[in-house]
>>> print(open('structure06.txt').read())   # compact mmCIF, C-alpha atoms
# COMPACT_ATOMS: atom_id res chain seq x y z
CA MET A 1 439.08 131.61 61.53
CA ASN A 2 441.78 133.59 59.80
CA TYR A 3 441.92 132.72 56.13
CA THR A 4 442.63 134.94 53.14
CA LEU A 5 440.00 135.49 50.47
CA THR A 6 442.01 133.40 47.98
CA GLN A 7 442.28 130.53 50.45
CA LEU A 8 438.56 130.57 51.11
CA PHE A 9 437.74 130.79 47.40
CA THR A 10 440.09 127.86 46.69
CA PHE A 11 438.65 125.84 49.53
CA PHE A 12 434.96 126.33 48.73
CA GLY A 13 435.69 126.06 44.99
CA VAL A 14 437.44 122.72 45.44
CA VAL A 15 434.55 121.35 47.51
CA SER A 16 432.11 122.60 44.87
CA VAL A 17 434.03 120.96 42.01
CA GLY A 18 434.34 117.71 43.98
CA THR A 19 430.60 117.68 44.63
CA ILE A 20 429.83 118.38 40.96
CA LEU A 21 432.11 115.49 39.95
CA THR A 22 430.21 113.00 42.13
CA ARG A 23 426.93 114.16 40.63
CA VAL A 24 428.00 114.25 36.98
CA LEU A 25 430.04 111.03 36.88
CA PRO A 26 427.26 108.46 36.25
CA PHE A 27 425.82 110.63 33.47
CA LEU A 28 429.26 110.95 31.84
CA VAL A 29 429.90 107.21 32.01
CA PHE A 30 426.40 106.36 30.77
CA PRO A 31 425.40 108.98 28.20
CA GLU A 32 421.91 108.95 26.72
CA ASN A 33 422.49 106.16 24.20
CA ARG A 34 424.45 103.69 26.33
CA GLN A 35 423.00 100.55 27.97
CA ILE A 36 423.23 100.38 31.77
CA PRO A 37 424.77 97.05 32.88
CA LYS A 38 422.86 94.74 35.25
CA TYR A 39 425.50 95.02 37.99
CA ILE A 40 425.20 98.84 38.01
CA LYS A 41 421.43 98.55 38.24
CA TYR A 42 421.84 96.19 41.21
CA LEU A 43 424.20 98.62 42.95
CA ALA A 44 421.74 101.43 42.32
CA ASP A 45 419.05 99.49 44.18
CA ILE A 46 421.17 98.40 47.14
CA LEU A 47 423.66 101.18 47.86
CA PRO A 48 421.30 103.90 49.12
CA PHE A 49 420.44 101.57 52.03
CA THR A 50 424.08 101.07 53.02
CA ILE A 51 425.27 104.63 52.62
CA ILE A 52 422.97 106.23 55.20
CA GLY A 53 424.20 103.83 57.90
CA MET A 54 427.75 104.80 57.01
CA LEU A 55 426.84 108.49 57.30
CA VAL A 56 425.42 107.99 60.80
CA VAL A 57 428.72 106.44 61.85
CA TYR A 58 430.57 109.29 60.12
CA CYS A 59 428.68 111.86 62.20
CA LEU A 60 429.68 110.00 65.36
CA LYS A 61 433.31 109.37 64.39
CA ASP A 62 434.79 111.63 67.07
CA VAL A 63 432.69 110.27 69.92
CA SER A 64 434.61 108.36 72.58
CA PHE A 65 433.16 105.65 74.82
CA VAL A 66 436.21 105.74 77.03
CA LYS A 67 436.56 109.44 77.74
CA SER A 68 433.97 111.38 79.76
CA PRO A 69 431.02 111.87 79.08
CA HIS A 70 431.30 108.37 77.55
CA SER A 71 429.14 109.22 74.50
CA LEU A 72 426.10 109.61 76.79
CA PRO A 73 424.72 112.76 75.06
CA GLU A 74 424.83 110.98 71.69
CA VAL A 75 423.38 107.71 72.96
CA ILE A 76 420.55 109.42 74.88
CA SER A 77 419.65 111.68 71.94
CA ILE A 78 419.67 108.87 69.37
CA VAL A 79 417.52 106.62 71.59
CA VAL A 80 415.02 109.48 72.02
CA ILE A 81 415.00 110.14 68.25
CA ALA A 82 414.43 106.46 67.48
CA VAL A 83 411.61 106.03 70.02
CA LEU A 84 409.94 109.30 69.01
CA HIS A 85 410.22 108.51 65.32
CA ILE A 86 408.88 104.98 65.57
CA TRP A 87 406.04 106.31 67.74
CA LYS A 88 405.05 109.52 65.91
CA LYS A 89 406.54 108.91 62.44
CA ASN A 90 407.08 112.66 62.04
CA THR A 91 410.47 113.31 60.45
CA LEU A 92 410.72 116.98 61.37
CA LEU A 93 409.56 116.46 64.94
CA SER A 94 412.15 113.71 65.44
CA ILE A 95 414.98 115.76 63.96
CA GLY A 96 413.99 118.93 65.83
CA VAL A 97 413.56 117.29 69.23
CA GLY A 98 416.72 115.20 68.79
CA ALA A 99 418.92 118.16 67.92
CA LEU A 100 417.49 120.41 70.66
CA LEU A 101 417.85 117.68 73.28
CA TYR A 102 421.47 117.11 72.25
CA MET A 103 422.21 120.84 72.46
CA LEU A 104 420.66 121.01 75.94
CA LEU A 105 422.67 117.96 77.03
CA VAL A 106 426.05 119.25 75.83
CA GLN A 107 425.43 122.83 76.92
CA TYR A 108 423.90 122.31 80.36
CA ILE A 109 424.30 118.74 81.62
CA PHE A 110 427.48 117.12 80.29
CA ILE A 111 429.60 120.28 80.11
CA MET B 1 404.30 129.71 29.78
CA LYS B 2 401.16 127.80 30.72
CA ALA B 3 403.01 124.45 30.64
CA LYS B 4 405.51 125.84 33.15
CA LYS B 5 402.77 127.06 35.49
CA VAL B 6 401.00 123.69 35.42
CA ALA B 7 404.31 121.94 36.14
CA LEU B 8 405.11 124.34 39.00
CA LEU B 9 401.71 123.71 40.60
CA ALA B 10 402.20 119.95 40.25
CA ALA B 11 405.71 120.05 41.72
CA LEU B 12 405.06 122.41 44.63
CA PRO B 13 403.05 120.11 46.96
CA LEU B 14 405.63 117.33 46.57
CA THR B 15 408.39 119.63 47.82
CA ILE B 16 406.64 120.78 51.02
CA PRO B 17 408.40 118.22 53.29
CA VAL B 18 411.70 119.39 51.86
CA LEU B 19 410.68 123.02 52.37
CA THR B 20 410.41 122.57 56.12
CA GLY B 21 413.48 120.33 56.35
CA TYR B 22 415.69 122.60 54.31
CA ILE B 23 414.60 125.75 56.12
CA VAL B 24 415.47 124.13 59.48
CA LEU B 25 418.75 122.56 58.33
CA GLY B 26 419.68 125.52 56.14
CA THR B 27 419.11 127.90 59.07
CA ALA B 28 421.26 125.67 61.28
CA TYR B 29 423.99 125.79 58.64
CA GLY B 30 423.74 129.57 58.31
CA ILE B 31 423.98 130.03 62.09
CA LEU B 32 426.93 127.62 62.30
CA MET B 33 428.81 129.45 59.52
CA ASP B 34 428.14 132.79 61.19
CA SER B 35 429.25 131.46 64.58
CA LYS B 36 432.59 130.44 63.02
CA GLY B 37 433.02 133.95 61.62
CA PHE B 38 432.19 133.35 57.95
CA SER B 39 430.43 136.18 56.14
CA LEU B 40 427.07 135.71 54.48
CA LEU B 41 428.88 135.68 51.14
CA TRP B 42 430.51 132.28 51.85
CA THR B 43 427.31 130.84 53.25
CA LEU B 44 425.53 131.82 50.03
CA PHE B 45 428.38 130.63 47.82
CA SER B 46 428.31 127.22 49.50
CA SER B 47 424.56 126.86 49.38
CA ILE B 48 424.37 127.81 45.69
CA PHE B 49 427.46 126.09 44.29
CA ILE B 50 428.14 123.19 46.67
CA TYR B 51 424.51 122.55 47.60
CA ALA B 52 425.17 119.36 49.54
CA GLY B 53 423.95 119.72 53.12
CA SER B 54 426.14 117.21 54.89
CA MET B 55 429.28 118.27 53.00
CA GLN B 56 428.61 121.91 53.82
CA PHE B 57 428.52 121.06 57.52
CA VAL B 58 431.73 119.09 57.07
CA THR B 59 433.48 122.10 55.44
CA VAL B 60 433.17 123.95 58.74
CA THR B 61 434.95 121.11 60.56
CA LEU B 62 437.59 120.91 57.82
CA LEU B 63 438.37 124.62 57.94
CA ALA B 64 438.66 124.46 61.72
CA ALA B 65 441.44 121.89 61.20
CA GLY B 66 443.46 124.09 58.82
CA PHE B 67 443.80 124.93 55.11
CA ASP B 68 444.17 121.68 53.14
CA PRO B 69 442.51 121.85 49.68
CA ILE B 70 443.65 118.38 48.57
CA GLY B 71 442.39 116.80 51.77
CA ALA B 72 439.15 118.75 51.35
CA PHE B 73 438.79 117.51 47.78
CA LEU B 74 439.28 113.86 48.75
CA MET B 75 436.93 114.28 51.69
CA THR B 76 434.31 115.76 49.33
CA LEU B 77 434.60 112.76 47.01
CA ALA B 78 434.28 110.39 49.97
CA VAL B 79 431.34 112.13 51.66
CA ASN B 80 429.50 112.76 48.38
CA ALA B 81 430.32 109.47 46.68
CA ARG B 82 426.75 108.42 47.44
CA HIS B 83 425.62 110.93 44.75
CA ILE B 84 427.08 108.52 42.21
CA PHE B 85 424.47 106.03 43.28
CA TYR B 86 421.67 108.58 43.04
CA GLY B 87 422.88 109.49 39.56
CA ILE B 88 422.90 105.82 38.54
CA SER B 89 419.33 105.47 39.80
CA MET B 90 418.16 108.50 37.77
CA LEU B 91 419.95 107.65 34.50
CA LYS B 92 416.78 106.35 32.85
CA GLN B 93 414.34 108.95 34.16
CA TYR B 94 416.50 111.88 33.09
CA ARG B 95 417.14 110.51 29.59
CA GLY B 96 416.10 112.81 26.73
CA ILE B 97 414.83 115.50 29.10
CA GLY B 98 416.48 118.39 27.23
CA ASN B 99 418.34 121.51 28.24
CA VAL B 100 417.44 121.36 31.96
CA LYS B 101 419.36 118.09 32.35
CA PRO B 102 422.65 119.66 33.56
CA TYR B 103 420.76 121.59 36.25
CA LEU B 104 418.85 118.46 37.32
CA ILE B 105 422.15 116.57 37.64
CA LEU B 106 423.91 119.32 39.61
CA THR B 107 421.06 119.67 42.11
CA LEU B 108 420.45 115.98 42.82
CA THR B 109 420.62 116.08 46.63
CA ASP B 110 419.50 113.29 49.00
CA GLU B 111 416.13 114.96 49.50
CA THR B 112 415.52 115.86 45.85
CA PHE B 113 416.50 112.33 44.92
CA SER B 114 414.02 110.91 47.42
CA ILE B 115 411.22 112.88 45.68
CA VAL B 116 412.14 112.45 42.02
CA CYS B 117 412.93 108.74 42.27
CA SER B 118 409.43 107.98 43.51
CA ALA B 119 407.34 110.75 41.90
CA GLU B 120 405.31 109.99 38.81
CA VAL B 121 404.78 112.81 36.34
CA PRO B 122 401.04 113.60 36.53
CA LYS B 123 398.96 113.39 33.35
CA GLY B 124 399.04 116.54 31.26
CA VAL B 125 402.15 117.85 33.02
CA ASP B 126 405.35 118.49 31.08
CA ARG B 127 408.00 116.06 32.32
CA LYS B 128 410.89 118.47 31.79
CA TRP B 129 409.41 121.35 33.79
CA PHE B 130 407.99 119.02 36.45
CA TYR B 131 411.44 117.69 37.33
CA PHE B 132 412.96 121.13 36.91
CA PHE B 133 410.63 122.77 39.44
CA ILE B 134 411.10 120.01 42.04
CA SER B 135 414.87 120.54 41.81
CA PHE B 136 414.66 124.32 41.60
CA LEU B 137 412.23 124.76 44.53
CA ASP B 138 414.39 122.53 46.76
CA HIS B 139 417.49 124.53 45.82
CA LEU B 140 415.64 127.76 46.60
CA TYR B 141 414.53 126.46 50.03
CA TRP B 142 418.09 125.54 50.93
CA ILE B 143 419.51 128.92 49.88
CA THR B 144 416.70 130.74 51.72
CA GLY B 145 417.25 128.68 54.88
CA SER B 146 420.97 129.35 55.00
CA LEU B 147 420.35 133.06 54.37
CA ILE B 148 417.89 133.19 57.28
CA GLY B 149 420.45 131.41 59.48
CA GLY B 150 423.29 133.69 58.46
CA ILE B 151 421.27 136.83 59.14
CA LEU B 152 419.71 135.52 62.37
CA GLY B 153 423.12 134.38 63.60
CA SER B 154 424.62 137.82 63.12
CA MET B 155 421.75 139.53 64.98
CA VAL B 156 421.29 137.22 67.95
CA GLU B 157 423.93 135.63 70.16
CA PHE B 158 423.44 131.89 70.11
CA ASN B 159 425.19 129.17 71.99
CA THR B 160 425.48 126.91 68.97
CA LYS B 161 427.38 124.09 70.67
CA GLY B 162 425.90 120.84 69.40
CA ILE B 163 423.85 122.38 66.57
CA ASP B 164 425.55 120.16 64.00
CA PHE B 165 423.71 117.25 65.64
CA VAL B 166 420.80 118.28 63.38
CA LEU B 167 422.61 116.37 60.70
CA THR B 168 423.12 113.25 62.82
CA SER B 169 419.42 113.37 63.68
CA LEU B 170 418.50 113.64 59.99
CA PHE B 171 420.55 110.59 59.05
CA VAL B 172 419.24 108.58 62.00
CA VAL B 173 415.68 109.38 60.91
CA ILE B 174 416.38 108.49 57.26
CA LEU B 175 417.98 105.25 58.47
CA ILE B 176 414.85 104.37 60.46
CA ASN B 177 412.60 105.25 57.49
CA GLN B 178 414.68 103.05 55.18
CA TRP B 179 414.78 100.24 57.72
CA ARG B 180 410.98 100.21 57.93
CA SER B 181 410.52 100.50 54.16
CA THR B 182 412.18 97.15 53.37
CA THR B 183 412.33 93.58 54.64
CA ASN B 184 415.97 93.17 53.62
CA HIS B 185 418.04 94.83 56.33
CA LEU B 186 421.37 93.37 55.28
CA PRO B 187 422.41 96.44 53.20
CA ALA B 188 421.90 98.76 56.19
CA VAL B 189 423.79 96.37 58.48
CA ILE B 190 426.65 96.12 55.96
CA GLY B 191 426.86 99.92 55.85
CA ILE B 192 426.89 100.42 59.61
CA ALA B 193 429.19 97.47 60.37
CA SER B 194 431.71 98.40 57.65
CA ALA B 195 431.84 101.97 58.87
CA ILE B 196 432.28 101.04 62.54
CA LEU B 197 434.94 98.44 61.73
CA CYS B 198 436.90 100.83 59.50
CA ARG B 199 436.56 103.66 62.03
CA LEU B 200 438.15 101.39 64.65
CA LEU B 201 440.88 100.22 62.27
CA PHE B 202 441.76 103.46 60.47
CA GLY B 203 440.85 106.19 62.95
CA PRO B 204 438.40 109.09 62.64
CA SER B 205 439.96 110.95 59.68
CA ASN B 206 440.77 108.18 57.19
CA PHE B 207 438.01 105.62 57.35
CA ILE B 208 435.39 106.70 54.78
CA ILE B 209 437.10 105.33 51.67
CA PRO B 210 438.02 101.96 53.27
CA ALA B 211 434.42 101.79 54.53
CA MET B 212 433.08 102.37 51.00
CA LEU B 213 435.37 99.69 49.58
CA SER B 214 434.27 97.30 52.29
CA ILE B 215 430.60 98.06 51.49
CA LEU B 216 431.21 97.50 47.78
CA PHE B 217 432.97 94.21 48.55
CA PHE B 218 430.22 92.76 50.75
CA VAL B 219 427.41 93.99 48.52
CA THR B 220 429.11 92.40 45.49
CA VAL B 221 429.93 89.10 47.22
CA LEU B 222 426.36 88.82 48.53
CA LYS B 223 424.71 89.81 45.23
CA THR B 224 423.06 86.46 44.50
CA PRO B 225 421.56 85.82 47.97
CA MET B 226 420.63 89.50 48.24
CA GLU B 227 418.60 89.40 45.03
CA ARG B 228 416.72 86.37 46.28
CA GLY B 229 415.27 88.67 48.93
CA LYS B 230 414.84 88.38 52.68
CA LEU B 231 418.11 87.93 54.53
CA LEU B 232 418.07 89.94 57.73
>>> encode(input="structure06.txt", output="structure tokens")
Amino acid sequence: MNYTLTQLFTFFGVVSVGTILTRVLPFLVFPENRQIPKYIKYLADILPFTIIGMLVVYCLKDVSFVKSPHSLPEVISIVVIAVLHIWKKNTLLSIGVGALLYMLLVQYIFI
Amino acid sequence: MKAKKVALLAALPLTIPVLTGYIVLGTAYGILMDSKGFSLLWTLFSSIFIYAGSMQFVTVTLLAAGFDPIGAFLMTLAVNARHIFYGISMLKQYRGIGNVKPYLILTLTDETFSIVCSAEVPKGVDRKWFYFFISFLDHLYWITGSLIGGILGSMVEFNTKGIDFVLTSLFVVILINQWRSTTNHLPAVIGIASAILCRLLFGPSNFIIPAMLSILFFVTVLKTPMERGKLL
């Protein structure tokens, strides 16, 4: 990729500042001495469970069911991850096998 | 000095799962960055100052699409908006913790959050240094992993096609872990359904913010039944 140093510095700087904002915001809004409202506490309990599902969909946003290979590499890999994880309950094993299988599928089988 | 050592020894075992995860994912990130022609400098810069795994993977995709800092900024807010919820969850625990607080806030990743939100400070261990070392060790693992990847990638020729699926795998596994940890599956279903619906309606590049609004809407509307417990 052909970008100038300034462009890259701007780009990575902007992403860094954006990330910092998302992390600092709650602590700015609720400094040490301020009460945390009930609704915010409720959101804090519930939202982590919704956000991960959204991130899975985000990762798969460019997958097409219509065009070849009809999302088969993704579907096969995710089914294998799910079965392996429910069976062995080993996070790293599931991630490792899932990613390697997907790489094999897209590099050798569904080219 | 002694208080720090005790805290380090108490924090270290808790971070071992993150050690392995971050070395693997960090290495994948380093290799990916190298394969796209980025020097080690940018890999390090990202891992130290962005330090948000999924967003770092996304930066590679964004740069492939062209230079668009405003788009990148909005994307960062959308992808990392979940940090707001981690921050909200840690407001109480991090209160009155002293001068390490800014560092703890800036390094609150998914994985660090998953440790600190459930870890109890052991007896006789200084709370401040305990939390500091969990955050610091995780940060160190991530930087080390991406360094290994960047160096390895420049020495060996890899066919990296599909390597970013590491991230998909990670989220799928976290999703399964969460699903099994609770009897109320409605939040997960709301998240997935909102995202799929908005992806279909708004297309692949503009659906994250509508999806978040949709999640917020359903979670708010269903607050009362949700708090009563079992729904799905």
>>> residues_around(input="structure06.txt", residues="region 97-108 of chain A", least_positions_apart="2", cutoff="8 Å", atoms="only C-alpha atoms", output="list in words")
Pro73, Glu74, Ser77, Ile78, Val80, Ile81, Leu93, Ser94, Ile95, Phe110 and Ile111 of chain A; Thr160, Lys161, Gly162, Ile163, Asp164, Phe165, Val166 and Ser169 of chain B
>>> write_last_selection(input="structure06.txt", atoms="C-alpha atoms", output="PDB file, in the coordinates of the input")
ATOM      1  CA  PRO A  73     424.720 112.760  75.060  1.00  0.00           C
ATOM      2  CA  GLU A  74     424.830 110.980  71.690  1.00  0.00           C
ATOM      3  CA  SER A  77     419.650 111.680  71.940  1.00  0.00           C
ATOM      4  CA  ILE A  78     419.670 108.870  69.370  1.00  0.00           C
ATOM      5  CA  VAL A  80     415.020 109.480  72.020  1.00  0.00           C
ATOM      6  CA  ILE A  81     415.000 110.140  68.250  1.00  0.00           C
ATOM      7  CA  LEU A  93     409.560 116.460  64.940  1.00  0.00           C
ATOM      8  CA  SER A  94     412.150 113.710  65.440  1.00  0.00           C
ATOM      9  CA  ILE A  95     414.980 115.760  63.960  1.00  0.00           C
ATOM     10  CA  PHE A 110     427.480 117.120  80.290  1.00  0.00           C
ATOM     11  CA  ILE A 111     429.600 120.280  80.110  1.00  0.00           C
TER      12      ILE A 111
ATOM     13  CA  THR B 160     425.480 126.910  68.970  1.00  0.00           C
ATOM     14  CA  LYS B 161     427.380 124.090  70.670  1.00  0.00           C
ATOM     15  CA  GLY B 162     425.900 120.840  69.400  1.00  0.00           C
ATOM     16  CA  ILE B 163     423.850 122.380  66.570  1.00  0.00           C
ATOM     17  CA  ASP B 164     425.550 120.160  64.000  1.00  0.00           C
ATOM     18  CA  PHE B 165     423.710 117.250  65.640  1.00  0.00           C
ATOM     19  CA  VAL B 166     420.800 118.280  63.380  1.00  0.00           C
ATOM     20  CA  SER B 169     419.420 113.370  63.680  1.00  0.00           C
TER      21      SER B 169
END
>>> interface_residues(input="structure06.txt", of="chain A", to="chain B", cutoff="6 Å", atoms="only C-alpha atoms", output="list in words")
Phe11, Val14, Val15, Ser16, Gly18, Thr22, Arg23, Pro26, Glu32, Ala44, Phe49, Thr50, Ile51, Gly53, Met54, Val56, Cys59, Lys61, Ile95, Ala99 and Met103 of chain A
>>> atom_distance(input="structure06.txt", atom1="CA of Leu9 (chain B)", atom2="CA of Gly149 (chain B)")
27.7 Å
>>> atom_distance(input="structure06.txt", atom1="CA of Ile134 (chain B)", atom2="CA of Lys4 (chain B)")
12.0 Å
>>> residues_around(input="structure06.txt", residues="Leu41 (chain B)", least_positions_apart="6", cutoff="12 Å", atoms="all atoms listed in the file", output="list in words")
Leu5, Leu8, Phe9 and Phe12 of chain A; Gly30, Met33, Asp34, Ser47, Ile48, Phe49, Ile143, Ser146, Leu147, Gly150 and Ile151 of chain B
>>> axis_aligned_box(input="structure06.txt", around="region 23-41 of chain A", padding_each_side="8 Å", output="AutoDock Vina command-line options")
--center_x 425.7 --center_y 104.5 --center_z 32.4 --size_x 24.6 --size_y 35.5 --size_z 32.4
